[in-house]
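**Student:** Can you read through this structure? Questions will come right after.
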Amino acid sequence: MALPLRKPLFWIHLVVGVVVGIVVAIMSVTGVAIAFESQVLEWAEAEARAVPAPEAEVRRLPIEALVAKVREAKPEAQVSGVTVYPSATAAAQVALGRAGVVFVNPYTGEVREGGAKGWRDFFHVMEDWHRWLATGGDNRAIGKAITGASNAGFLFLALSGLYLWWPRKWTLKTVRPVLWFKRGLKGKPRDFNWHNVIGLWSMPVLVVLTASGMVISYKWASDFVYSVTGNAAPATQGPPGSAGVKVTPPESGGPRKELGALLATVQEQVPAWSSITYRLPSPPRGAGGQDKPSAPPGQAPSAPPQAGQGEPGARAEAPVVAGERRAESPVTNSERRTETPAGEGAPRAESRGGAPVGEGERRVEAPAAEGERRAESRGGAPVGEGERRVEAPAAEGERRAESRGGAPVAEGERRVEAPAAEGERRAESRGGAPVAEGERRAEGKSRGESRGPKGDSDGKVDAVTFNVKEQDGWPLFASTQFSVDPFSGVIAKREGFADFNSGRKLRTWLRFLHTGEALGWVGQLIAAMASLGGVFLVWTGFALSWRRFFPKRNPRTSTPVPASSEPTPVSSPETPA
């Protein structure tokens, strides 16, 4: 039975494959490379992750002490999270933003490097290619748009390929060449056989990978998941529940409890915990302290950095090496997962970064809109080569945004390299007493920071948040988020995967089905094999297309006329001609 529209669909399939093929091949190769990132890092850092068993009377250091030890060993570090484990021989893991992680002996405070910097750099490169085609800066949005469109094209190829594969007659002779590999084939027959067989067996997994990639890449697709399950889509760009829980401080103004006491409260709630991650509160955009998170509750904030001490505030005064920009990025890909609320990979500070990001992650990864860039500029966020503010004057709108994030520059020191326009000087002089340009970013005394993580205009403050993974929990990626009142130690909110609505549950499943982590290492292996199949589909598809458009023609040979063995009769007057 001939299927309708088979011929036009074939040509659309061919054209789409030729257009998106290269990008699909890149995403497939990099998808294979980062499929087992967490297992590879765990193996490479096995020595750093283990500590000697302590004596019976030795107690663990509090989280505040671990953070202080890391900042003492690495003054330029951007400490963003701490993960602790129940094993007595497991080191605590401290996330340092895009720079990676360090491991700290929970009993002595000894700081260790992971020992797998090469592997982490490799996975970062693979991830950048997988998600943005290794673009950066303002071009990152273009790279992300290309990968998103190519992923959508790959989904169309998988579905249309099944339609084109469907045999006209279901007989063993017609089905076998497109159902399994056939030996002894070369050239076009071999490519046709491989394209059909690999496409058939990879199609179910590729549909899941590409469809989940659509949900991750496009907000309308993510909203559709909620709509199809009968739930309202979240109004904010971030994932549901990403906003911090607010609590009202006591009227007496009592002190905050130490993190150790809050951690003990959470541990009592989940006796069979396998890991607990505490995420340091980040100051809001424009606070000038985005480069360095605020101190944990109960710990005094560090003094303003001095020039030459390697603090982020001095970044604009010294050239930034290309390799250092990655370390300066405020949020790592693994942190973006740990920042995600319960059920979305929250406790995995070291987890893989190869999958496309969720709705909440896009704001960090994709270049910000102009209004967002102005907000970032207030905090002294790192800029690309040739764009550093001290070296060249910024646009008028950007200078106004910079001036609001800190005290204005002294009159004689303003714009040493290039004088500012009169209107720009007025914008810089609005903040108050003038200070030097470099000191403004280092001190971070902006209006946003004065409010900072301590409280809002209504007097409420952020609760302390812990993400807890439970032993033998299901789903494998599920975690529970505890928001604890830092003054009373009472749990203000507990939210786990079971508390999600059906839309959020499906959205979370799709997020981890994309990487295969939803089914553990078996799922990761299946996803890796399907991605490898995608590489062969692109290769065989290109080969078949090339032979169709540029067929190999054999040279024509003239066939000699054989000589007759019998003489040709000659007409005679008696014989009619």
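By convention in this document, the chains of the structure tokens carry letters A, B, ... by their order, each chain's residues are numbered from 1, and ligands are numbered from 1 in the order they are shown.
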Looking only at helix (DSSP H, G or I) from DSSP on the backbone, list the matching residues of segment 64-267 of chain A as a ChimeraX atom specification.
**Tutor:** /A:64-73,117-132,137-165,172-179,187-217,219-228,259-267
**Student:** Report as an mmCIF file with C-alpha atoms, in the first residue's frame all protein, DNA and RNA residues lying within 9 Å of Pro52 of chain A, evaluated on only C-alpha atoms, omitting residues in the same chain fewer than 3 positions from it.
**Tutor:**
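Generated file (around_17.cif):
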data_model
loop_
_atom_site.group_PDB
_atom_site.id
_atom_site.type_symbol
_atom_site.label_atom_id
_atom_site.label_comp_id
_atom_site.auth_asym_id
_atom_site.auth_seq_id
_atom_site.Cartn_x
_atom_site.Cartn_y
_atom_site.Cartn_z
ATOM 1 C CA ALA A 88 32.673 9.607 57.863
ATOM 2 C CA THR A 89 35.328 9.298 55.135
ATOM 3 C CA ALA A 90 33.680 11.631 52.588
ATOM 4 C CA ASN A 105 38.295 17.764 55.050
#
**Student:** Of the candidates A:Ala518, A:Val125, A:Ala158, A:Val245, which one gets nearest to Gln481 of chain A if we count only C-alpha atoms?
**Tutor:**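 So, comparing all the options, the nearest one is A:Val245.
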**Student:** Between A:Val215, A:Val29, A:Ile276, A:Val266, which is the closest to Trp509 of chain A once you count only C-alpha atoms?
**Tutor:** A:Val215
**Student:** Can you list every residue in segment 451-499 of chain A that DSSP puts in strand (DSSP E), as number ranges by chain?
**Tutor:** A: 461-462, 464-470, 480-484, 491-495
**Student:** Ranking A:Ala92, A:Ala543, A:Ser160, A:Gly496 by minimum distance to Lys7 of chain A and counting only C-alpha atoms, which one comes first?
**Tutor:**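 Comparing A:Ala92, A:Ala543, A:Ser160, A:Gly496 against Lys7 of chain A, the winner is A:Ser160.
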**Student:** What separation in Å, quoted to one decimal, exists between atom CA of Phe156 of chain A and atom CA of Ser502 of chain A?
**Tutor:**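 Atom CA of Phe156 of chain A sits 26.7 Å away from atom CA of Ser502 of chain A.
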**Student:** Set the distance at 6 Å and use only C-alpha atoms: which residues neighbour segment 203-212 of chain A once local chain neighbours fewer than 2 positions away are removed? I'd like the list as a PyMOL selection string.
**Tutor:** chain A and resi 151+155+158+199-201+214-215+510+514
**Student:** So how many Å separate atom CA of Ser217 of chain A and atom CA of Ala152 of chain A, to one decimal?
**Tutor:**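 Value for the atom CA of Ser217 of chain A-atom CA of Ala152 of chain A distance: 9.7 Å.
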**Student:** So that each row is one residue of segment 482-511 of chain A with an atom at most 9 Å from segment 258-265 of chain A, can you give its shortest atom pair and the distance in Å to one decimal, using only C-alpha atoms, rows by chain and rising number, as CSV?
**Tutor:**
residue,atom,partner,partner_atom,distance
A:Val484,CA,A:Leu262,CA,7.0
A:Asp485,CA,A:Leu262,CA,8.4
A:Pro486,CA,A:Leu262,CA,7.4
A:Gly489,CA,A:Leu262,CA,5.8
A:Val490,CA,A:Thr265,CA,8.1
A:Ile491,CA,A:Thr265,CA,8.1
